[in-house]
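*Asks:* Sharing entry-v7.cif, mmCIF, C-alpha atoms:
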```
data_run
#
loop_
_atom_site.label_atom_id
_atom_site.label_comp_id
_atom_site.auth_asym_id
_atom_site.auth_seq_id
_atom_site.Cartn_x
_atom_site.Cartn_y
_atom_site.Cartn_z
CA MET T 1347 118.86 92.36 141.94
CA ALA T 1348 116.96 94.25 139.30
CA LYS T 1349 113.86 93.84 137.22
CA ILE T 1350 114.74 92.79 133.67
CA LYS T 1351 111.97 92.83 131.11
CA PHE T 1352 112.46 91.26 127.69
CA LYS T 1353 110.60 89.32 125.03
CA LEU T 1354 111.34 85.60 124.91
CA ASN T 1355 110.03 83.50 122.03
CA GLY T 1356 107.19 85.97 121.50
CA GLU T 1357 106.14 86.43 125.14
CA ILE T 1358 106.99 89.33 127.43
CA LYS T 1359 108.92 88.12 130.49
CA GLU T 1360 109.95 90.04 133.57
CA LEU T 1361 112.51 88.61 135.98
CA ASP T 1362 113.64 89.98 139.31
CA THR T 1363 117.14 88.57 139.38
CA ASP T 1364 120.87 89.31 139.28
CA PRO T 1365 121.60 91.16 136.00
CA SER T 1366 125.10 89.66 136.06
CA ARG T 1367 123.75 86.21 135.25
CA ARG T 1368 124.54 84.92 131.78
CA LEU T 1369 121.63 84.81 129.34
CA LEU T 1370 122.50 81.13 128.73
CA ASP T 1371 121.92 80.21 132.40
CA VAL T 1372 118.67 82.16 132.56
CA LEU T 1373 117.33 80.40 129.46
CA ARG T 1374 118.29 76.93 130.66
CA ASP T 1375 117.68 77.22 134.43
CA ASP T 1376 114.69 79.60 134.64
CA PHE T 1377 112.86 78.74 131.43
CA ASN T 1378 114.00 75.15 130.85
CA LEU T 1379 115.02 76.05 127.30
CA THR T 1380 117.84 73.56 126.81
CA GLY T 1381 118.28 74.01 123.04
CA PRO T 1382 121.11 76.49 123.64
CA LYS T 1383 124.02 74.40 124.97
CA GLU T 1384 127.13 75.31 126.90
CA GLY T 1385 130.06 74.17 124.78
CA CYS T 1386 133.14 76.24 125.46
CA GLY T 1387 131.55 78.90 127.67
CA GLU T 1388 133.78 81.58 126.18
CA GLY T 1389 132.22 82.60 122.89
CA GLU T 1390 134.27 80.38 120.59
CA CYS T 1391 131.95 77.49 119.69
CA GLY T 1392 128.47 78.93 119.08
CA ALA T 1393 126.58 76.03 120.70
CA CYS T 1394 124.78 78.54 122.95
CA ALA T 1395 123.70 80.80 120.06
CA VAL T 1396 120.33 82.53 120.17
CA LEU T 1397 118.82 85.42 118.22
CA MET T 1398 118.82 88.84 119.91
CA ASN T 1399 116.78 91.35 117.91
CA LYS T 1400 117.03 88.88 114.97
CA GLU T 1401 120.85 88.66 115.09
CA ILE T 1402 122.94 85.74 116.32
CA VAL T 1403 124.65 86.22 119.71
CA ASN T 1404 126.44 83.79 122.05
CA SER T 1405 124.19 83.56 125.10
CA CYS T 1406 127.19 82.53 127.25
CA SER T 1407 128.76 85.94 126.61
CA VAL T 1408 125.69 88.13 127.12
CA PRO T 1409 124.90 89.37 130.64
CA LEU T 1410 121.18 89.52 131.38
CA ALA T 1411 121.53 93.29 131.89
CA ASN T 1412 122.17 93.64 128.14
CA VAL T 1413 118.94 91.78 127.31
CA LEU T 1414 116.78 94.54 128.80
CA ASN T 1415 113.96 95.43 126.36
CA LYS T 1416 115.41 93.14 123.68
CA GLU T 1417 113.76 90.28 121.82
CA ILE T 1418 115.32 86.84 122.32
CA ILE T 1419 114.44 83.86 120.16
CA THR T 1420 115.87 80.44 121.01
CA ILE T 1421 115.81 77.37 118.80
CA GLU T 1422 112.60 76.34 120.63
CA GLY T 1423 110.83 79.53 119.56
CA PHE T 1424 112.33 79.51 116.09
CA SER T 1425 111.18 75.90 115.56
CA LYS T 1426 107.59 77.15 115.21
CA THR T 1427 108.36 79.07 112.00
CA LYS T 1428 108.26 78.18 108.31
CA ARG T 1429 111.87 79.29 107.97
CA TYR T 1430 112.86 76.68 110.55
CA GLN T 1431 111.07 73.93 108.62
CA VAL T 1432 113.01 74.82 105.48
CA ILE T 1433 116.36 74.91 107.30
CA LYS T 1434 115.60 71.68 109.20
CA ASP T 1435 114.63 69.81 106.03
CA SER T 1436 117.75 71.11 104.27
CA PHE T 1437 120.03 69.98 107.11
CA ALA T 1438 118.40 66.54 107.01
CA LYS T 1439 118.64 66.29 103.21
CA ALA T 1440 122.30 67.36 103.11
CA GLY T 1441 123.32 65.18 106.07
CA GLY T 1442 124.33 68.26 108.05
CA VAL T 1443 123.46 66.71 111.42
CA GLN T 1444 125.47 63.98 113.11
CA CYS T 1445 125.75 64.10 116.91
CA GLY T 1446 123.51 67.17 116.96
CA PHE T 1447 125.19 69.17 119.72
CA CYS T 1448 126.11 72.07 117.44
CA THR T 1449 122.89 71.90 115.42
CA PRO T 1450 120.73 74.43 117.34
CA GLY T 1451 123.56 76.96 117.04
CA MET T 1452 124.14 76.14 113.38
CA ILE T 1453 120.44 76.66 112.62
CA ILE T 1454 120.41 79.97 114.51
CA ALA T 1455 123.53 81.03 112.55
CA THR T 1456 121.83 80.05 109.28
CA GLU T 1457 118.72 82.08 110.14
CA SER T 1458 120.80 85.12 111.17
CA LEU T 1459 122.74 84.92 107.90
CA LEU T 1460 119.75 84.40 105.59
CA ASN T 1461 117.75 87.11 107.36
CA LYS T 1462 120.45 89.60 106.40
CA ASN T 1463 121.52 88.02 103.12
CA PRO T 1464 118.95 85.67 101.51
CA HIS T 1465 121.31 84.68 98.66
CA PRO T 1466 124.75 84.14 100.19
CA ASN T 1467 127.63 82.76 98.16
CA GLU T 1468 129.86 80.04 99.59
CA PHE T 1469 132.33 82.51 101.12
CA GLU T 1470 129.50 84.44 102.79
CA ILE T 1471 128.07 81.17 104.16
CA LYS T 1472 131.47 80.30 105.64
CA ILE T 1473 131.70 83.74 107.27
CA GLY T 1474 128.11 83.36 108.53
CA LEU T 1475 128.92 80.02 110.19
CA SER T 1476 132.44 80.99 111.24
CA GLY T 1477 131.62 81.29 114.95
CA ASN T 1478 130.09 77.81 115.15
CA LEU T 1479 132.19 74.70 115.64
CA CYS T 1480 131.14 71.22 114.50
CA ARG T 1481 133.37 68.26 115.33
CA CYS T 1482 131.44 65.67 113.26
CA THR T 1483 130.50 66.79 109.78
CA GLY T 1484 133.65 68.47 108.53
CA TYR T 1485 131.43 71.49 107.69
CA ASN T 1486 130.94 70.76 103.96
CA LEU T 1487 127.60 69.07 104.59
CA ILE T 1488 126.44 72.05 106.68
CA ILE T 1489 127.51 74.54 104.01
CA GLU T 1490 125.56 72.43 101.51
CA ALA T 1491 122.53 72.52 103.85
CA VAL T 1492 122.61 76.33 103.96
CA LYS T 1493 122.77 76.49 100.15
CA LEU T 1494 119.78 74.13 99.92
CA ALA T 1495 117.85 76.19 102.49
CA ALA T 1496 118.49 79.43 100.58
CA GLU T 1497 117.13 77.82 97.40
CA ALA T 1498 114.21 75.95 98.94
CA GLY T 1499 113.18 78.95 101.05
CA GLU T 1500 113.15 81.41 98.15
CA GLY T 1501 110.87 84.28 99.18
CA LEU T 1502 110.85 83.40 102.88
CA TRP T 1503 113.83 85.62 103.64
CA MET D 224 126.63 89.87 145.70
CA VAL D 225 127.86 92.82 143.70
CA THR D 226 125.47 95.60 142.72
CA SER D 227 124.64 96.09 139.05
CA TYR D 228 123.69 99.46 137.62
CA ILE D 229 121.88 99.64 134.28
CA PRO D 230 121.63 103.31 133.27
CA LEU D 231 119.32 104.10 130.34
CA ASN D 232 120.88 107.44 129.44
CA LEU D 233 124.27 109.12 129.55
CA ASP D 234 123.54 111.59 132.36
CA GLU D 235 122.36 108.79 134.62
CA CYS D 236 125.48 106.78 133.76
CA LEU D 237 127.92 109.64 134.48
CA LYS D 238 126.21 110.25 137.82
CA ILE D 239 126.71 106.58 138.75
CA LEU D 240 130.38 106.72 137.72
CA SER D 241 130.84 109.84 139.83
CA ASP D 242 129.14 108.41 142.93
CA LYS D 243 130.19 104.76 142.87
CA GLN D 244 133.21 102.59 142.28
CA VAL D 245 132.18 100.36 139.34
CA ARG D 246 133.56 98.30 136.48
CA ILE D 247 132.10 99.41 133.15
CA VAL D 248 130.74 96.66 130.89
CA ALA D 249 129.60 97.29 127.30
CA GLY D 250 129.05 94.19 125.11
CA GLY D 251 130.64 92.01 127.77
CA THR D 252 132.33 89.59 125.38
CA ASP D 253 135.74 90.07 127.06
CA MET D 254 134.63 91.03 130.57
CA LEU D 255 132.38 87.99 130.99
CA ILE D 256 135.14 85.61 130.00
CA GLN D 257 137.78 87.36 132.14
CA ASN D 258 135.46 87.14 135.16
CA ARG D 259 134.01 83.77 134.34
CA SER D 260 132.53 81.82 137.22
CA HIS D 261 130.83 78.42 137.21
CA THR D 262 127.91 77.31 135.05
CA SER D 263 124.60 78.60 136.49
CA MET D 264 126.45 81.11 138.70
CA PRO D 265 126.45 84.88 138.08
CA ILE D 266 129.56 86.30 136.48
CA GLY D 267 132.26 86.58 139.14
CA PHE D 268 132.81 90.33 139.14
CA LYS D 269 134.93 91.47 142.09
CA SER D 270 133.34 94.94 142.23
CA ASP D 271 130.05 96.60 141.39
CA VAL D 272 129.25 96.81 137.69
CA CYS D 273 127.75 99.43 135.40
CA TYR D 274 126.22 98.03 132.21
CA ILE D 275 126.23 100.70 129.52
CA SER D 276 124.84 98.86 126.50
CA ASN D 277 121.32 100.26 126.95
CA ILE D 278 122.42 103.88 126.46
CA GLU D 279 120.96 104.83 123.07
CA GLU D 280 122.92 108.12 122.87
CA LEU D 281 126.11 106.08 122.53
CA LYS D 282 124.90 104.03 119.55
CA LYS D 283 125.25 106.68 116.82
CA ILE D 284 127.71 106.83 113.94
CA TYR D 285 127.95 110.22 112.19
CA GLU D 286 130.42 112.50 110.45
CA ASP D 287 131.35 116.11 109.87
CA GLU D 288 133.85 117.53 107.37
CA THR D 289 136.93 116.20 109.12
CA PHE D 290 135.97 113.31 111.38
CA VAL D 291 133.82 110.18 111.67
CA TYR D 292 132.35 109.74 115.16
CA ILE D 293 131.56 106.24 116.44
CA GLY D 294 129.50 106.00 119.63
CA SER D 295 131.14 103.78 122.21
CA VAL D 296 128.28 101.29 122.42
CA CYS D 297 127.98 100.71 118.65
CA SER D 298 128.41 97.02 117.90
CA LEU D 299 131.30 95.96 115.68
CA GLU D 300 128.71 94.71 113.19
CA ALA D 301 127.04 98.16 113.03
CA ILE D 302 130.44 99.75 112.47
CA MET D 303 131.27 97.24 109.73
CA GLU D 304 127.98 97.98 107.97
CA SER D 305 128.26 101.78 108.16
CA GLU D 306 129.09 103.65 104.96
CA LEU D 307 130.94 106.30 106.95
CA VAL D 308 133.62 104.04 108.41
CA PRO D 309 137.01 103.75 106.61
CA GLU D 310 137.56 100.52 104.63
CA LEU D 311 140.70 99.69 106.60
CA LEU D 312 138.74 99.49 109.86
CA LYS D 313 135.89 97.54 108.25
CA ASN D 314 138.32 95.01 106.78
CA THR D 315 139.89 94.58 110.20
CA ILE D 316 136.53 94.02 111.90
CA LEU D 317 135.66 91.37 109.30
CA GLU D 318 138.63 89.37 110.61
CA MET D 319 137.73 89.93 114.26
CA ALA D 320 135.74 87.38 116.20
CA SER D 321 132.59 85.94 114.58
CA PRO D 322 129.14 87.30 113.64
CA ALA D 323 127.76 86.38 117.09
CA ILE D 324 130.47 88.35 118.87
CA ARG D 325 130.43 91.24 116.39
CA HIS D 326 126.73 91.73 117.14
CA THR D 327 127.50 92.58 120.77
CA ALA D 328 131.20 93.52 121.10
CA THR D 329 132.18 97.18 120.78
CA LEU D 330 135.15 99.14 119.45
CA ALA D 331 135.41 101.13 122.69
CA GLY D 332 135.51 97.82 124.56
CA ASN D 333 138.45 96.65 122.48
CA ILE D 334 140.17 99.96 123.31
CA GLY D 335 139.28 99.83 127.01
CA ASN D 336 140.56 96.28 127.26
CA ALA D 337 143.93 97.56 125.92
CA SER D 338 145.25 94.12 125.09
CA PRO D 339 148.50 94.04 123.08
CA ALA D 340 146.57 91.67 120.77
CA GLY D 341 143.55 93.98 120.30
CA ASP D 342 142.99 93.75 116.54
CA SER D 343 141.12 97.02 116.06
CA LEU D 344 143.88 99.00 117.78
CA VAL D 345 146.24 98.46 114.84
CA PRO D 346 144.15 100.31 112.20
CA LEU D 347 143.00 102.84 114.81
CA TYR D 348 146.61 103.80 115.63
CA LEU D 349 147.30 104.01 111.92
CA LEU D 350 144.29 106.28 111.36
CA ASP D 351 145.32 108.61 114.26
CA ALA D 352 142.07 107.84 116.09
CA LEU D 353 141.04 109.88 119.13
CA VAL D 354 139.06 108.84 122.19
CA GLU D 355 136.35 111.09 123.62
CA LYS D 356 135.94 110.76 127.40
CA ARG D 357 133.16 112.22 129.48
CA SER D 358 132.46 112.69 133.17
CA ILE D 359 129.99 114.90 135.03
CA LYS D 360 132.78 117.52 135.02
CA GLY D 361 133.02 117.71 131.25
CA VAL D 362 134.34 116.22 128.06
CA SER D 363 137.86 115.74 126.71
CA LYS D 364 139.59 114.18 123.73
CA VAL D 365 142.85 112.30 123.74
CA ALA D 366 144.88 110.57 121.02
CA LEU D 367 144.39 106.79 121.22
CA SER D 368 148.17 106.35 121.34
CA ASP D 369 148.23 108.46 124.54
CA PHE D 370 145.06 106.91 125.94
CA ILE D 371 146.61 103.43 126.00
CA THR D 372 149.50 103.62 128.43
CA GLY D 373 150.57 99.97 128.66
CA VAL D 374 149.39 96.37 128.73
CA ARG D 375 145.73 96.63 129.85
CA LYS D 376 146.41 100.16 131.13
CA ILE D 377 144.42 103.19 130.00
CA ASP D 378 144.22 106.86 130.86
CA LEU D 379 140.66 106.83 132.24
CA GLU D 380 139.65 108.23 135.62
CA LYS D 381 137.13 106.28 137.68
CA ASP D 382 134.36 108.80 136.94
CA GLU D 383 135.04 108.89 133.19
CA LEU D 384 133.42 106.95 130.35
CA ILE D 385 134.64 106.47 126.78
CA THR D 386 131.81 108.04 124.80
CA LYS D 387 133.16 108.15 121.24
CA VAL D 388 135.93 106.90 119.02
CA ILE D 389 136.81 109.67 116.59
CA ILE D 390 138.51 108.91 113.29
CA PRO D 391 140.03 111.63 111.07
CA LYS D 392 138.88 111.39 107.45
CA ILE D 393 141.90 110.54 105.36
CA SER D 394 142.02 109.21 101.82
CA PHE D 395 144.66 106.61 100.99
CA THR D 396 145.70 105.22 97.61
CA LYS D 397 145.73 101.84 99.32
CA SER D 398 145.27 100.46 102.81
CA TYR D 399 145.99 96.95 104.00
CA PHE D 400 145.38 94.85 107.12
CA LYS D 401 146.66 91.36 107.78
CA LYS D 402 145.96 89.23 110.82
CA VAL D 403 147.89 86.03 111.47
CA GLY D 404 146.02 83.56 113.65
CA PRO D 405 145.20 79.85 113.79
CA ARG D 406 141.59 80.22 112.69
CA LEU D 407 139.81 82.88 110.62
CA SER D 408 137.24 83.56 113.33
CA ASP D 409 137.37 83.82 117.10
CA ALA D 410 141.16 83.60 117.17
CA ILE D 411 143.33 85.94 119.19
CA SER D 412 146.06 87.19 116.87
CA LYS D 413 149.56 85.80 116.85
CA LEU D 414 150.40 89.11 115.19
CA SER D 415 148.79 91.70 112.95
CA PHE D 416 149.97 94.37 110.52
CA ALA D 417 148.41 97.41 108.90
CA GLY D 418 149.87 99.65 106.23
CA ALA D 419 148.51 102.52 104.15
CA TYR D 420 149.89 105.06 101.72
CA LYS D 421 148.87 107.94 99.53
CA LEU D 422 150.62 108.58 96.21
CA GLU D 423 150.39 111.70 94.07
CA ASN D 424 152.19 111.58 90.72
CA ASP D 425 154.28 108.66 92.05
CA LEU D 426 155.36 110.72 95.06
CA VAL D 427 154.67 109.36 98.53
CA LYS D 428 152.52 112.01 100.23
CA ASP D 429 151.64 109.87 103.24
CA ILE D 430 152.70 106.44 104.46
CA ARG D 431 151.73 104.72 107.71
CA ILE D 432 152.75 101.39 109.20
CA ALA D 433 151.49 99.70 112.38
CA PHE D 434 152.15 96.34 114.05
CA GLY D 435 150.02 94.52 116.66
CA SER D 436 150.90 91.81 119.22
CA VAL D 437 154.63 92.48 118.97
CA ASN D 438 155.12 94.93 121.85
CA VAL D 439 153.23 96.17 124.92
CA THR D 440 150.95 98.10 122.58
CA VAL D 441 150.72 98.89 118.87
CA VAL D 442 154.05 99.82 117.27
CA ARG D 443 153.84 102.86 115.03
CA ARG D 444 156.89 105.04 114.33
CA ARG D 445 156.04 108.43 112.84
CA ASP D 446 159.73 109.35 112.78
CA LEU D 447 160.43 106.45 110.41
CA GLU D 448 157.36 107.15 108.27
CA GLU D 449 158.45 110.77 107.84
CA ARG D 450 161.75 109.67 106.32
CA LEU D 451 159.79 108.22 103.39
CA ILE D 452 157.46 111.11 102.67
CA GLY D 453 158.36 113.09 99.55
CA LYS D 454 160.28 110.25 97.93
CA THR D 455 159.07 108.55 94.75
CA LYS D 456 157.48 105.13 95.13
CA ASP D 457 160.41 103.53 93.29
CA GLU D 458 162.91 105.15 95.67
CA VAL D 459 160.92 103.79 98.63
CA LYS D 460 160.71 100.30 97.10
CA LYS D 461 164.49 100.25 96.55
CA MET D 462 164.94 101.07 100.26
CA VAL D 463 162.93 98.04 101.39
CA SER D 464 165.75 96.19 103.20
CA GLU D 465 166.83 99.39 104.94
CA ILE D 466 163.23 100.08 106.05
CA VAL D 467 162.90 96.56 107.46
CA ASP D 468 166.14 97.16 109.41
CA TRP D 469 164.74 100.43 110.85
CA TYR D 470 161.71 98.63 112.30
CA GLU D 471 163.60 95.57 113.50
CA GLU D 472 164.53 97.06 116.89
CA PHE D 473 160.95 98.08 117.69
CA ILE D 474 159.44 94.64 117.10
CA LYS D 475 159.84 93.04 120.54
CA PRO D 476 157.32 90.20 120.80
CA ILE D 477 157.06 87.65 123.58
CA ASP D 478 156.63 83.88 123.75
CA ASP D 479 153.17 82.79 124.90
CA GLN D 480 150.63 80.05 124.28
CA ARG D 481 149.67 81.50 120.90
CA SER D 482 153.07 81.88 119.28
CA ASN D 483 156.73 82.55 119.93
CA LYS D 484 158.87 85.62 119.55
CA GLU D 485 160.95 84.36 116.63
CA TYR D 486 157.88 83.57 114.52
CA ARG D 487 156.14 86.83 115.42
CA LYS D 488 159.18 88.94 114.58
CA SER D 489 160.01 87.11 111.38
CA ILE D 490 156.47 87.26 109.98
CA SER D 491 155.92 90.90 111.05
CA LEU D 492 159.01 92.01 109.16
CA LYS D 493 158.06 89.89 106.12
CA LEU D 494 154.63 91.54 106.03
CA LEU D 495 156.36 94.94 106.15
CA ARG D 496 158.66 93.91 103.30
CA SER D 497 155.76 92.66 101.21
CA PHE D 498 153.78 95.86 101.89
CA ILE D 499 156.67 98.09 100.73
CA GLU D 500 157.45 95.93 97.68
CA ASN D 501 153.83 96.09 96.58
CA ILE D 502 153.42 99.86 96.62
CA GLU D 503 151.74 100.67 93.30
#
```
Please go through the file and, once you have read it, give me the structure as structure tokens.
*Replies:*
Amino acid sequence: MAKIKFKLNGEIKELDTDPSRRLLDVLRDDFNLTGPKEGCGEGECGACAVLMNKEIVNSCSVPLANVLNKEIITIEGFSKTKRYQVIKDSFAKAGGVQCGFCTPGMIIATESLLNKNPHPNEFEIKIGLSGNLCRCTGYNLIIEAVKLAAEAGEGLW
Amino acid sequence: MVTSYIPLNLDECLKILSDKQVRIVAGGTDMLIQNRSHTSMPIGFKSDVCYISNIEELKKIYEDETFVYIGSVCSLEAIMESELVPELLKNTILEMASPAIRHTATLAGNIGNASPAGDSLVPLYLLDALVEKRSIKGVSKVALSDFITGVRKIDLEKDELITKVIIPKISFTKSYFKKVGPRLSDAISKLSFAGAYKLENDLVKDIRIAFGSVNVTVVRRRDLEERLIGKTKDEVKKMVSEIVDWYEEFIKPIDDQRSNKEYRKSISLKLLRSFIENIE
């Protein structure tokens, strides 16, 4: 057991728990944040993606010990931002959501990409989303959604 | 339950390594999967663990006249974005994993894991990289090719920590990395290849060739490279079939779930052929 302090969706949290728990389990079991999903559980699908210090990480592959003093934002926290509204509307407009299981991770990946590169070309979008699997859309609709978000959110990133 | 240590500086970490028997975890992207337990259960480590990713001293990338020094806890993304890091290594990292994994995984972790399919090992062998190790007794440097002693075997005492990856500054006329896998991202390589050369007035001053996933560790043959140094590029290109024959005996891949030995060998040698034929 150890005390792990970190910022979660804007609030400081301190847990006295096993640092060898996965961030994904802590988010879902301790904080009831079920936006991050367990897909593959081995870092290949991106359904569990969250932002750590503004960058996308797979919460299934991050031990809580590595979250010490970091800032974590899940889709629940991100959904309160203007950037989220733009990305959400763009996904809806482009038809980038079907079953929805991958969508929280796809939106986190989009934010992580646009935060670093507000005007990505198609290749850069594909690289940005390359760790996130979608079994419904065939990806083209999601790539279109990211393009729309970059245009509609001009100045936000 | 195993005990977890989370040192915040290097001295504290080396003391723990000296006093305790622990597994070292950096980004955790391999270690968590290798020790995976059930959903909602802590990671199933069999021994105590020392998490090193909070040690700021190990997150620096800097250079002097002859070397680039990469701290062992630098993320792959930070390495890819650094202006100091050779293009060959950056191009390799771009084909490794995905953004989410690159934000946490480390180069030293890829070295410590010592998988025959470790992508970064191929350019690092080619670049003559060194590993800096530290314990409370002192610091030492060892060539990466000596540090990795076999499949998942490394020359690291229980009280030692990889603290830096050190890359000699070398300028090439051209360097090239090719990974063959089923998916651009998050795929473990079927095989990989790196080649680099330096030409001066059409003379080959330096040429280096390395293969990944086709033997217990990276295949690089300095004896064969030396045979080509001092020749003109056209002489080397004319020797292409002979060069492919030289390497043939050292490419000894296995069959596994990702590929088979015939495919791995055939494609490795074709990449070598293409690399030699395209020397310009």
*Asks:* Going by the chain IDs and residue numbers used in this file, which residues fall under the PyMOL selection byres ((chain D and resi 317) around 12)? Write them as a ChimeraX atom specification.
*Replies:* /T:1470,1473-1474,1476 /D:299-304,310-316,318-322,324-326,342-343,400-402,407-409
*Asks:* Running the PyMOL selection byres ((chain T) within 6 of (chain D)) on this model by hand, what would come out? Give it as a list in words.
*Replies:* Ser1366, Arg1367, Asp1371, Glu1388, Glu1390, Ile1402, Val1403, Asn1404, Ser1407, Ser1476 and Gly1477 of chain T
*Asks:* I need the residues from that last selection saved to file as a JSON list (two decimals), keeping the file's coordinate frame (with C-alpha atoms), if you can.
*Replies:*
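The resulting file, result10.json, is reproduced below:
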```
[["chain", "number", "residue", "atom", "x", "y", "z"],
["T", 1366, "SER", "CA", 125.10, 89.66, 136.06],
["T", 1367, "ARG", "CA", 123.75, 86.21, 135.25],
["T", 1371, "ASP", "CA", 121.92, 80.21, 132.40],
["T", 1388, "GLU", "CA", 133.78, 81.58, 126.18],
["T", 1390, "GLU", "CA", 134.27, 80.38, 120.59],
["T", 1402, "ILE", "CA", 122.94, 85.74, 116.32],
["T", 1403, "VAL", "CA", 124.65, 86.22, 119.71],
["T", 1404, "ASN", "CA", 126.44, 83.79, 122.05],
["T", 1407, "SER", "CA", 128.76, 85.94, 126.61],
["T", 1476, "SER", "CA", 132.44, 80.99, 111.24],
["T", 1477, "GLY", "CA", 131.62, 81.29, 114.95]]
```
*Asks:* Evaluate the PyMOL selection byres ((chain T and resi 1439) around 12) and record the selected residues as a PDB file with C-alpha atoms, in the coordinates of the input, following the chain and residue labels used in the document.
*Replies:*
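Writing done, so here's expr31.pdb:
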```
ATOM      1  CA  VAL T1432     113.010  74.820 105.480  1.00  0.00           C
ATOM      2  CA  ILE T1433     116.360  74.910 107.300  1.00  0.00           C
ATOM      3  CA  LYS T1434     115.600  71.680 109.200  1.00  0.00           C
ATOM      4  CA  ASP T1435     114.630  69.810 106.030  1.00  0.00           C
ATOM      5  CA  SER T1436     117.750  71.110 104.270  1.00  0.00           C
ATOM      6  CA  PHE T1437     120.030  69.980 107.110  1.00  0.00           C
ATOM      7  CA  ALA T1438     118.400  66.540 107.010  1.00  0.00           C
ATOM      8  CA  ALA T1440     122.300  67.360 103.110  1.00  0.00           C
ATOM      9  CA  GLY T1441     123.320  65.180 106.070  1.00  0.00           C
ATOM     10  CA  GLY T1442     124.330  68.260 108.050  1.00  0.00           C
ATOM     11  CA  VAL T1443     123.460  66.710 111.420  1.00  0.00           C
ATOM     12  CA  LEU T1487     127.600  69.070 104.590  1.00  0.00           C
ATOM     13  CA  ILE T1488     126.440  72.050 106.680  1.00  0.00           C
ATOM     14  CA  GLU T1490     125.560  72.430 101.510  1.00  0.00           C
ATOM     15  CA  ALA T1491     122.530  72.520 103.850  1.00  0.00           C
ATOM     16  CA  VAL T1492     122.610  76.330 103.960  1.00  0.00           C
ATOM     17  CA  LYS T1493     122.770  76.490 100.150  1.00  0.00           C
ATOM     18  CA  LEU T1494     119.780  74.130  99.920  1.00  0.00           C
ATOM     19  CA  ALA T1495     117.850  76.190 102.490  1.00  0.00           C
ATOM     20  CA  ALA T1498     114.210  75.950  98.940  1.00  0.00           C
TER      21      ALA T1498
END
```
*Asks:* Can you work out which one of D:Ile278, D:Leu379, D:Met462, D:Ile247 has the shortest atom-to-atom distance to Asn232 of chain D, counting only C-alpha atoms?
*Replies:*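 The closest residue to Asn232 of chain D is D:Ile278.
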*Asks:* Distance atom CA of Gly1499 of chain T-atom CA of Ala1455 of chain T, one decimal place?
*Replies:*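 Between atom CA of Gly1499 of chain T and atom CA of Ala1455 of chain T the gap is 15.6 Å.
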